[in-house]
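What follows is the content of final.txt (compact mmCIF, C-alpha atoms and all ligand atoms).
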```
# COMPACT_ATOMS: atom_id res chain seq x y z
CA MET A 24 0.00 0.00 0.00
CA THR A 25 1.22 3.49 -0.82
CA GLU A 26 2.16 5.57 2.20
CA MET A 27 1.39 9.28 1.74
CA ARG A 28 2.35 12.24 3.90
CA VAL A 29 1.96 16.00 3.79
CA GLY A 30 4.33 18.57 5.22
CA HIS A 31 3.91 22.25 5.91
CA GLY A 32 6.58 24.93 5.67
CA PHE A 33 6.64 28.58 6.67
CA ASP A 34 9.30 31.26 6.29
CA ILE A 35 9.56 34.98 6.96
CA HIS A 36 12.32 37.48 6.13
CA PRO A 37 12.48 41.24 6.73
CA PHE A 38 13.58 43.54 3.94
CA SER A 39 17.26 44.45 4.14
CA GLU A 40 18.66 47.96 4.60
CA ASP A 41 21.62 46.95 2.44
CA PRO A 42 21.14 48.60 -0.98
CA ASN A 43 23.43 46.03 -2.59
CA ARG A 44 21.28 43.06 -1.60
CA SER A 45 18.83 41.63 -4.15
CA MET A 46 15.62 39.80 -3.34
CA ILE A 47 15.80 36.21 -4.50
CA LEU A 48 12.59 34.15 -4.48
CA GLY A 49 12.39 30.66 -5.94
CA GLY A 50 15.87 31.24 -7.38
CA VAL A 51 14.74 34.31 -9.36
CA VAL A 52 16.39 37.71 -8.75
CA PHE A 53 13.87 40.56 -8.33
CA ASP A 54 14.36 44.31 -8.73
CA GLY A 55 14.15 46.45 -5.61
CA PRO A 56 15.12 45.86 -2.00
CA GLY A 57 16.58 42.53 -0.92
CA LEU A 58 15.73 40.42 2.10
CA GLU A 59 17.81 40.07 5.23
CA GLY A 60 19.19 36.65 6.05
CA HIS A 61 22.27 34.54 6.60
CA SER A 62 21.84 32.74 3.26
CA ASP A 63 20.43 34.38 0.11
CA ALA A 64 17.14 34.71 2.11
CA ASP A 65 15.08 32.87 -0.52
CA ALA A 66 11.91 32.48 1.57
CA VAL A 67 10.17 30.37 -1.08
CA ALA A 68 13.00 27.84 -1.25
CA HIS A 69 13.19 27.80 2.57
CA ALA A 70 9.45 27.12 2.97
CA CYS A 71 9.72 24.30 0.39
CA ILE A 72 12.64 22.79 2.33
CA ASP A 73 10.70 22.82 5.61
CA ALA A 74 7.59 21.36 3.94
CA LEU A 75 9.64 18.46 2.53
CA LEU A 76 11.52 17.88 5.80
CA GLY A 77 8.24 17.96 7.74
CA ALA A 78 6.51 15.52 5.39
CA THR A 79 9.36 13.02 5.64
CA GLY A 80 10.27 13.51 9.31
CA LEU A 81 13.81 14.49 8.38
CA GLY A 82 14.02 17.42 10.81
CA ASP A 83 13.87 21.10 9.92
CA ILE A 84 15.82 23.72 8.02
CA GLY A 85 17.55 25.16 11.10
CA GLU A 86 18.84 21.75 12.06
CA ARG A 87 20.06 20.82 8.61
CA TYR A 88 21.46 24.15 7.44
CA PRO A 89 22.16 26.15 10.65
CA ASP A 90 22.48 29.93 10.21
CA THR A 91 25.32 29.85 12.73
CA ASP A 92 27.39 27.88 10.22
CA GLU A 93 29.70 29.98 8.04
CA LYS A 94 29.26 27.35 5.34
CA PHE A 95 25.73 28.63 4.72
CA LEU A 96 26.62 32.37 4.62
CA GLU A 97 25.16 33.76 1.36
CA ALA A 98 24.21 30.17 0.51
CA ASN A 99 22.29 29.50 -2.70
CA SER A 100 19.00 28.23 -1.34
CA LEU A 101 18.12 26.32 -4.51
CA ALA A 102 21.24 24.23 -3.84
CA LEU A 103 19.97 23.62 -0.29
CA LEU A 104 16.55 22.66 -1.69
CA SER A 105 18.24 20.30 -4.12
CA ASP A 106 20.15 18.75 -1.21
CA THR A 107 16.87 18.32 0.70
CA ALA A 108 15.16 16.71 -2.33
CA LYS A 109 18.10 14.29 -2.55
CA ALA A 110 17.73 13.37 1.15
CA VAL A 111 13.99 12.84 0.65
CA THR A 112 14.65 10.54 -2.31
CA GLU A 113 17.34 8.67 -0.36
CA ALA A 114 14.76 8.01 2.37
CA SER A 115 12.70 6.27 -0.36
CA TRP A 116 10.12 9.06 -0.64
CA LYS A 117 8.84 10.36 -3.97
CA ILE A 118 7.83 14.04 -4.06
CA ALA A 119 4.31 14.38 -5.55
CA ASN A 120 4.13 18.19 -5.57
CA ILE A 121 4.71 21.37 -3.57
CA ASP A 122 2.36 24.36 -3.52
CA CYS A 123 3.52 27.75 -2.20
CA THR A 124 1.78 30.98 -1.25
CA VAL A 125 3.93 34.10 -0.98
CA ILE A 126 2.43 37.04 0.90
CA LEU A 127 3.93 40.38 -0.11
CA GLU A 128 2.64 43.84 -0.90
CA ASN A 129 5.46 44.59 -3.39
CA PRO A 130 7.03 43.79 -5.82
CA LYS A 131 4.57 41.93 -8.04
CA LEU A 132 5.23 38.21 -8.21
CA SER A 133 3.30 37.46 -11.41
CA PRO A 134 5.97 38.51 -13.97
CA HIS A 135 8.40 36.03 -12.39
CA ARG A 136 5.97 33.29 -11.44
CA GLU A 137 6.55 30.94 -14.36
CA LYS A 138 10.33 31.18 -14.05
CA MET A 139 10.13 30.51 -10.30
CA GLU A 140 7.89 27.50 -10.85
CA ASN A 141 10.19 26.11 -13.54
CA LEU A 142 13.35 26.54 -11.46
CA LEU A 143 11.76 25.05 -8.32
CA SER A 144 10.20 22.15 -10.24
CA GLU A 145 13.53 21.35 -11.88
CA THR A 146 15.27 21.51 -8.50
CA VAL A 147 12.97 19.07 -6.70
CA GLY A 148 12.04 16.92 -9.70
CA ALA A 149 8.29 17.41 -9.16
CA PRO A 150 5.70 20.10 -9.91
CA VAL A 151 6.05 23.20 -7.72
CA THR A 152 3.38 25.92 -7.93
CA VAL A 153 3.74 29.46 -6.57
CA LYS A 154 0.93 31.90 -5.87
CA GLY A 155 1.31 35.52 -4.81
CA ARG A 156 -1.09 37.16 -2.39
CA ARG A 157 -1.16 40.80 -1.28
CA PRO A 158 -1.69 41.43 2.45
CA GLU A 159 -4.11 44.31 1.66
CA LYS A 160 -1.89 46.84 3.51
CA LEU A 161 -2.51 45.05 6.82
CA GLY A 162 0.14 44.70 9.51
CA THR A 163 3.87 44.26 9.13
CA LEU A 164 3.57 42.66 5.68
CA GLY A 165 1.24 45.39 4.49
CA ARG A 166 3.78 48.01 5.63
CA GLU A 167 6.29 46.22 3.39
CA GLU A 168 8.62 45.37 6.27
CA GLY A 169 9.10 41.83 5.03
CA ILE A 170 7.58 38.89 3.23
CA VAL A 171 6.16 35.51 4.22
CA CYS A 172 5.95 32.22 2.35
CA PHE A 173 3.88 29.13 3.14
CA ALA A 174 4.40 25.79 1.39
CA VAL A 175 2.67 22.42 1.47
CA ALA A 176 4.41 19.30 0.15
CA LEU A 177 2.97 15.87 -0.60
CA VAL A 178 5.24 12.81 -0.65
CA SER A 179 4.59 9.10 -1.12
CA ARG A 180 6.44 5.77 -0.95
ZN ZN B 1 14.48 31.73 5.27
```

Show me this structure written as structure tokens.
Ligand SMILES: [Zn+2]
Amino acid sequence: MTEMRVGHGFDIHPFSEDPNRSMILGGVVFDGPGLEGHSDADAVAHACIDALLGATGLGDIGERYPDTDEKFLEANSLALLSDTAKAVTEASWKIANIDCTVILENPKLSPHREKMENLLSETVGAPVTVKGRRPEKLGTLGREEGIVCFAVALVSR
């Protein structure tokens, strides 16, 4: 009988004050302010990683790629996601799909959506979908202080 599991991932990053930092989401570089973080701060990739690790019981992102480790300074998060997908496969799980929701007031996600989906899907070897949602000016996200990403992953074996 096929065993199926779901996992949920969440990530949040504030916008950076550093004018030289770019925002990277789902491996795609956006115009405008970047996000603060130890790695490249790719919240979409990070939420996908946590969703996969949660589904398979392989721990969490902080355990696997600690932000106290110099090795992960400015890390390419798609490479970390690829590493996670490999660990998932090695544990005999097959990734069915991942679905993400990014909550941000600005910039617009839609022009980059297809590229993000293609890059993420290639990285995990399964369909990854990304949806953008505006926070309607409410709270910290509405004030454009940062962005949030949620992800749900389904795996089977
Ligand atoms: Zn993150």

Taking (20.4, 43.1, 5.0) in the coordinates of the supplied file, I want to know which residues reach to within 12 Å of it, counting only C-alpha atoms; could you give the answer as a PDB file with C-alpha atoms, in the frame of the given file?
```pdb
ATOM      1  CA  HIS A  36      12.320  37.480   6.130  1.00  0.00           C
ATOM      2  CA  PRO A  37      12.480  41.240   6.730  1.00  0.00           C
ATOM      3  CA  PHE A  38      13.580  43.540   3.940  1.00  0.00           C
ATOM      4  CA  SER A  39      17.260  44.450   4.140  1.00  0.00           C
ATOM      5  CA  GLU A  40      18.660  47.960   4.600  1.00  0.00           C
ATOM      6  CA  ASP A  41      21.620  46.950   2.440  1.00  0.00           C
ATOM      7  CA  PRO A  42      21.140  48.600  -0.980  1.00  0.00           C
ATOM      8  CA  ASN A  43      23.430  46.030  -2.590  1.00  0.00           C
ATOM      9  CA  ARG A  44      21.280  43.060  -1.600  1.00  0.00           C
ATOM     10  CA  SER A  45      18.830  41.630  -4.150  1.00  0.00           C
ATOM     11  CA  MET A  46      15.620  39.800  -3.340  1.00  0.00           C
ATOM     12  CA  PRO A  56      15.120  45.860  -2.000  1.00  0.00           C
ATOM     13  CA  GLY A  57      16.580  42.530  -0.920  1.00  0.00           C
ATOM     14  CA  LEU A  58      15.730  40.420   2.100  1.00  0.00           C
ATOM     15  CA  GLU A  59      17.810  40.070   5.230  1.00  0.00           C
ATOM     16  CA  GLY A  60      19.190  36.650   6.050  1.00  0.00           C
ATOM     17  CA  HIS A  61      22.270  34.540   6.600  1.00  0.00           C
ATOM     18  CA  SER A  62      21.840  32.740   3.260  1.00  0.00           C
ATOM     19  CA  ASP A  63      20.430  34.380   0.110  1.00  0.00           C
ATOM     20  CA  ALA A  64      17.140  34.710   2.110  1.00  0.00           C
ATOM     21  CA  GLU A  97      25.160  33.760   1.360  1.00  0.00           C
ATOM     22  CA  GLY A 169       9.100  41.830   5.030  1.00  0.00           C
TER      23      GLY A 169
END
```

| said: At a cut-off of 6 Å around ligand ZN 1 (chain B), and using all atoms listed in the file, what residues come up? Please write them as JSON, numbers by chain. | reply: {"A": [34, 64, 65, 66, 69]}

Check which residues of stretch 53-136 of chain A sit at most 10 Å from stretch 144-165 of chain A using all atoms listed in the file, and return one row each with the closest pair of atoms and their distance in Å to one decimal, ordered by chain and rising number, as JSON lines.
```
{"residue": "A:Val67", "atom": "CA", "partner": "A:Val153", "partner_atom": "CA", "distance": 8.5}
{"residue": "A:Ala68", "atom": "CA", "partner": "A:Thr146", "partner_atom": "CA", "distance": 9.9}
{"residue": "A:Cys71", "atom": "CA", "partner": "A:Val151", "partner_atom": "CA", "distance": 9.0}
{"residue": "A:Ile72", "atom": "CA", "partner": "A:Val147", "partner_atom": "CA", "distance": 9.8}
{"residue": "A:Leu75", "atom": "CA", "partner": "A:Val147", "partner_atom": "CA", "distance": 9.8}
{"residue": "A:Leu101", "atom": "CA", "partner": "A:Thr146", "partner_atom": "CA", "distance": 6.9}
{"residue": "A:Ala102", "atom": "CA", "partner": "A:Thr146", "partner_atom": "CA", "distance": 8.0}
{"residue": "A:Leu103", "atom": "CA", "partner": "A:Thr146", "partner_atom": "CA", "distance": 9.7}
{"residue": "A:Leu104", "atom": "CA", "partner": "A:Thr146", "partner_atom": "CA", "distance": 7.0}
{"residue": "A:Ser105", "atom": "CA", "partner": "A:Thr146", "partner_atom": "CA", "distance": 5.4}
{"residue": "A:Asp106", "atom": "CA", "partner": "A:Val147", "partner_atom": "CA", "distance": 9.0}
{"residue": "A:Thr107", "atom": "CA", "partner": "A:Val147", "partner_atom": "CA", "distance": 8.4}
{"residue": "A:Ala108", "atom": "CA", "partner": "A:Val147", "partner_atom": "CA", "distance": 5.4}
{"residue": "A:Lys109", "atom": "CA", "partner": "A:Val147", "partner_atom": "CA", "distance": 8.1}
{"residue": "A:Val111", "atom": "CA", "partner": "A:Val147", "partner_atom": "CA", "distance": 9.7}
{"residue": "A:Thr112", "atom": "CA", "partner": "A:Val147", "partner_atom": "CA", "distance": 9.7}
{"residue": "A:Lys117", "atom": "CA", "partner": "A:Ala149", "partner_atom": "CA", "distance": 8.8}
{"residue": "A:Ile118", "atom": "CA", "partner": "A:Ala149", "partner_atom": "CA", "distance": 6.1}
{"residue": "A:Ala119", "atom": "CA", "partner": "A:Ala149", "partner_atom": "CA", "distance": 6.2}
{"residue": "A:Asn120", "atom": "CA", "partner": "A:Pro150", "partner_atom": "CA", "distance": 5.0}
{"residue": "A:Ile121", "atom": "CA", "partner": "A:Val151", "partner_atom": "CA", "distance": 4.7}
{"residue": "A:Asp122", "atom": "CA", "partner": "A:Thr152", "partner_atom": "CA", "distance": 4.8}
{"residue": "A:Cys123", "atom": "CA", "partner": "A:Val153", "partner_atom": "CA", "distance": 4.7}
{"residue": "A:Thr124", "atom": "CA", "partner": "A:Lys154", "partner_atom": "CA", "distance": 4.8}
{"residue": "A:Val125", "atom": "CA", "partner": "A:Gly155", "partner_atom": "CA", "distance": 4.9}
{"residue": "A:Ile126", "atom": "CA", "partner": "A:Arg156", "partner_atom": "CA", "distance": 4.8}
{"residue": "A:Leu127", "atom": "CA", "partner": "A:Arg157", "partner_atom": "CA", "distance": 5.2}
{"residue": "A:Glu128", "atom": "CA", "partner": "A:Arg157", "partner_atom": "CA", "distance": 4.9}
{"residue": "A:Asn129", "atom": "CA", "partner": "A:Arg157", "partner_atom": "CA", "distance": 7.9}
{"residue": "A:Pro130", "atom": "CA", "partner": "A:Arg157", "partner_atom": "CA", "distance": 9.8}
{"residue": "A:Lys131", "atom": "CA", "partner": "A:Gly155", "partner_atom": "CA", "distance": 7.9}
{"residue": "A:Leu132", "atom": "CA", "partner": "A:Gly155", "partner_atom": "CA", "distance": 5.8}
{"residue": "A:Ser133", "atom": "CA", "partner": "A:Gly155", "partner_atom": "CA", "distance": 7.2}
{"residue": "A:His135", "atom": "CA", "partner": "A:Val153", "partner_atom": "CA", "distance": 9.9}
{"residue": "A:Arg136", "atom": "CA", "partner": "A:Val153", "partner_atom": "CA", "distance": 6.6}
```

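Put simply, atom CA of A:Leu96 is 19.9 Å away from atom CA of A:Phe53.
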
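Across A:Trp116, A:Gly77, A:Pro89, A:Ser100, the tightest approach to A:Leu143 is made by A:Ser100 when counting only C-alpha atoms.
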
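Nearest residue to A:Thr25 among A:Asp54, A:Gly49, A:Val171, A:Ser115 is A:Ser115, counting only C-alpha atoms.
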
Mind rebuilding stretch 57-85 of chain A with N, CA and C atoms and writing that out as a PDB file, in the coordinates of the input?
```pdb
ATOM      1  N   GLY A  57      16.362  43.941  -1.228  1.00  0.00           N
ATOM      2  CA  GLY A  57      16.580  42.530  -0.920  1.00  0.00           C
ATOM      3  C   GLY A  57      16.053  42.172   0.444  1.00  0.00           C
ATOM      4  N   LEU A  58      16.190  40.924   0.798  1.00  0.00           N
ATOM      5  CA  LEU A  58      15.730  40.420   2.100  1.00  0.00           C
ATOM      6  C   LEU A  58      16.930  40.114   2.972  1.00  0.00           C
ATOM      7  N   GLU A  59      16.754  40.352   4.267  1.00  0.00           N
ATOM      8  CA  GLU A  59      17.810  40.070   5.230  1.00  0.00           C
ATOM      9  C   GLU A  59      17.855  38.582   5.535  1.00  0.00           C
ATOM     10  N   GLY A  60      19.065  38.062   5.696  1.00  0.00           N
ATOM     11  CA  GLY A  60      19.190  36.650   6.050  1.00  0.00           C
ATOM     12  C   GLY A  60      20.625  36.206   5.959  1.00  0.00           C
ATOM     13  N   HIS A  61      20.916  35.084   6.590  1.00  0.00           N
ATOM     14  CA  HIS A  61      22.270  34.540   6.600  1.00  0.00           C
ATOM     15  C   HIS A  61      22.624  33.987   5.213  1.00  0.00           C
ATOM     16  N   SER A  62      21.651  33.298   4.613  1.00  0.00           N
ATOM     17  CA  SER A  62      21.840  32.740   3.260  1.00  0.00           C
ATOM     18  C   SER A  62      21.382  33.809   2.269  1.00  0.00           C
ATOM     19  N   ASP A  63      20.957  33.413   1.087  1.00  0.00           N
ATOM     20  CA  ASP A  63      20.430  34.380   0.110  1.00  0.00           C
ATOM     21  C   ASP A  63      19.010  34.821   0.466  1.00  0.00           C
ATOM     22  N   ALA A  64      18.453  34.299   1.571  1.00  0.00           N
ATOM     23  CA  ALA A  64      17.140  34.710   2.110  1.00  0.00           C
ATOM     24  C   ALA A  64      15.985  34.373   1.161  1.00  0.00           C
ATOM     25  N   ASP A  65      16.136  33.306   0.405  1.00  0.00           N
ATOM     26  CA  ASP A  65      15.080  32.870  -0.520  1.00  0.00           C
ATOM     27  C   ASP A  65      13.969  32.175   0.277  1.00  0.00           C
ATOM     28  N   ALA A  66      12.969  32.974   0.684  1.00  0.00           N
ATOM     29  CA  ALA A  66      11.910  32.480   1.570  1.00  0.00           C
ATOM     30  C   ALA A  66      11.092  31.351   0.928  1.00  0.00           C
ATOM     31  N   VAL A  67      10.956  31.397  -0.392  1.00  0.00           N
ATOM     32  CA  VAL A  67      10.170  30.370  -1.080  1.00  0.00           C
ATOM     33  C   VAL A  67      10.911  29.026  -1.017  1.00  0.00           C
ATOM     34  N   ALA A  68      12.198  29.062  -1.334  1.00  0.00           N
ATOM     35  CA  ALA A  68      13.000  27.840  -1.250  1.00  0.00           C
ATOM     36  C   ALA A  68      13.020  27.311   0.183  1.00  0.00           C
ATOM     37  N   HIS A  69      13.127  28.223   1.161  1.00  0.00           N
ATOM     38  CA  HIS A  69      13.190  27.800   2.570  1.00  0.00           C
ATOM     39  C   HIS A  69      11.882  27.144   3.018  1.00  0.00           C
ATOM     40  N   ALA A  70      10.743  27.711   2.606  1.00  0.00           N
ATOM     41  CA  ALA A  70       9.450  27.120   2.970  1.00  0.00           C
ATOM     42  C   ALA A  70       9.293  25.739   2.320  1.00  0.00           C
ATOM     43  N   CYS A  71       9.760  25.609   1.075  1.00  0.00           N
ATOM     44  CA  CYS A  71       9.720  24.300   0.390  1.00  0.00           C
ATOM     45  C   CYS A  71      10.567  23.274   1.142  1.00  0.00           C
ATOM     46  N   ILE A  72      11.747  23.683   1.589  1.00  0.00           N
ATOM     47  CA  ILE A  72      12.640  22.790   2.330  1.00  0.00           C
ATOM     48  C   ILE A  72      11.942  22.294   3.599  1.00  0.00           C
ATOM     49  N   ASP A  73      11.345  23.217   4.354  1.00  0.00           N
ATOM     50  CA  ASP A  73      10.700  22.820   5.610  1.00  0.00           C
ATOM     51  C   ASP A  73       9.472  21.935   5.358  1.00  0.00           C
ATOM     52  N   ALA A  74       8.750  22.192   4.279  1.00  0.00           N
ATOM     53  CA  ALA A  74       7.590  21.360   3.940  1.00  0.00           C
ATOM     54  C   ALA A  74       8.045  19.923   3.643  1.00  0.00           C
ATOM     55  N   LEU A  75       9.129  19.800   2.878  1.00  0.00           N
ATOM     56  CA  LEU A  75       9.640  18.460   2.530  1.00  0.00           C
ATOM     57  C   LEU A  75      10.200  17.750   3.763  1.00  0.00           C
ATOM     58  N   LEU A  76      10.934  18.495   4.597  1.00  0.00           N
ATOM     59  CA  LEU A  76      11.520  17.880   5.800  1.00  0.00           C
ATOM     60  C   LEU A  76      10.409  17.469   6.765  1.00  0.00           C
ATOM     61  N   GLY A  77       9.363  18.292   6.866  1.00  0.00           N
ATOM     62  CA  GLY A  77       8.240  17.960   7.740  1.00  0.00           C
ATOM     63  C   GLY A  77       7.493  16.730   7.255  1.00  0.00           C
ATOM     64  N   ALA A  78       7.257  16.659   5.961  1.00  0.00           N
ATOM     65  CA  ALA A  78       6.510  15.520   5.390  1.00  0.00           C
ATOM     66  C   ALA A  78       7.239  14.205   5.642  1.00  0.00           C
ATOM     67  N   THR A  79       8.569  14.247   5.577  1.00  0.00           N
ATOM     68  CA  THR A  79       9.360  13.020   5.640  1.00  0.00           C
ATOM     69  C   THR A  79       9.958  12.775   7.023  1.00  0.00           C
ATOM     70  N   GLY A  80       9.730  13.677   7.959  1.00  0.00           N
ATOM     71  CA  GLY A  80      10.270  13.510   9.310  1.00  0.00           C
ATOM     72  C   GLY A  80      11.774  13.611   9.374  1.00  0.00           C
ATOM     73  N   LEU A  81      12.345  14.377   8.432  1.00  0.00           N
ATOM     74  CA  LEU A  81      13.810  14.490   8.380  1.00  0.00           C
ATOM     75  C   LEU A  81      14.345  15.723   9.117  1.00  0.00           C
ATOM     76  N   GLY A  82      13.540  16.279  10.018  1.00  0.00           N
ATOM     77  CA  GLY A  82      14.020  17.420  10.810  1.00  0.00           C
ATOM     78  C   GLY A  82      13.487  18.729  10.275  1.00  0.00           C
ATOM     79  N   ASP A  83      14.282  19.794  10.447  1.00  0.00           N
ATOM     80  CA  ASP A  83      13.870  21.100   9.920  1.00  0.00           C
ATOM     81  C   ASP A  83      15.060  21.857   9.376  1.00  0.00           C
ATOM     82  N   ILE A  84      14.777  22.980   8.751  1.00  0.00           N
ATOM     83  CA  ILE A  84      15.820  23.720   8.020  1.00  0.00           C
ATOM     84  C   ILE A  84      16.934  24.212   8.940  1.00  0.00           C
ATOM     85  N   GLY A  85      16.559  24.642  10.170  1.00  0.00           N
ATOM     86  CA  GLY A  85      17.550  25.160  11.100  1.00  0.00           C
ATOM     87  C   GLY A  85      18.520  24.102  11.588  1.00  0.00           C
TER      88      GLY A  85
END
```
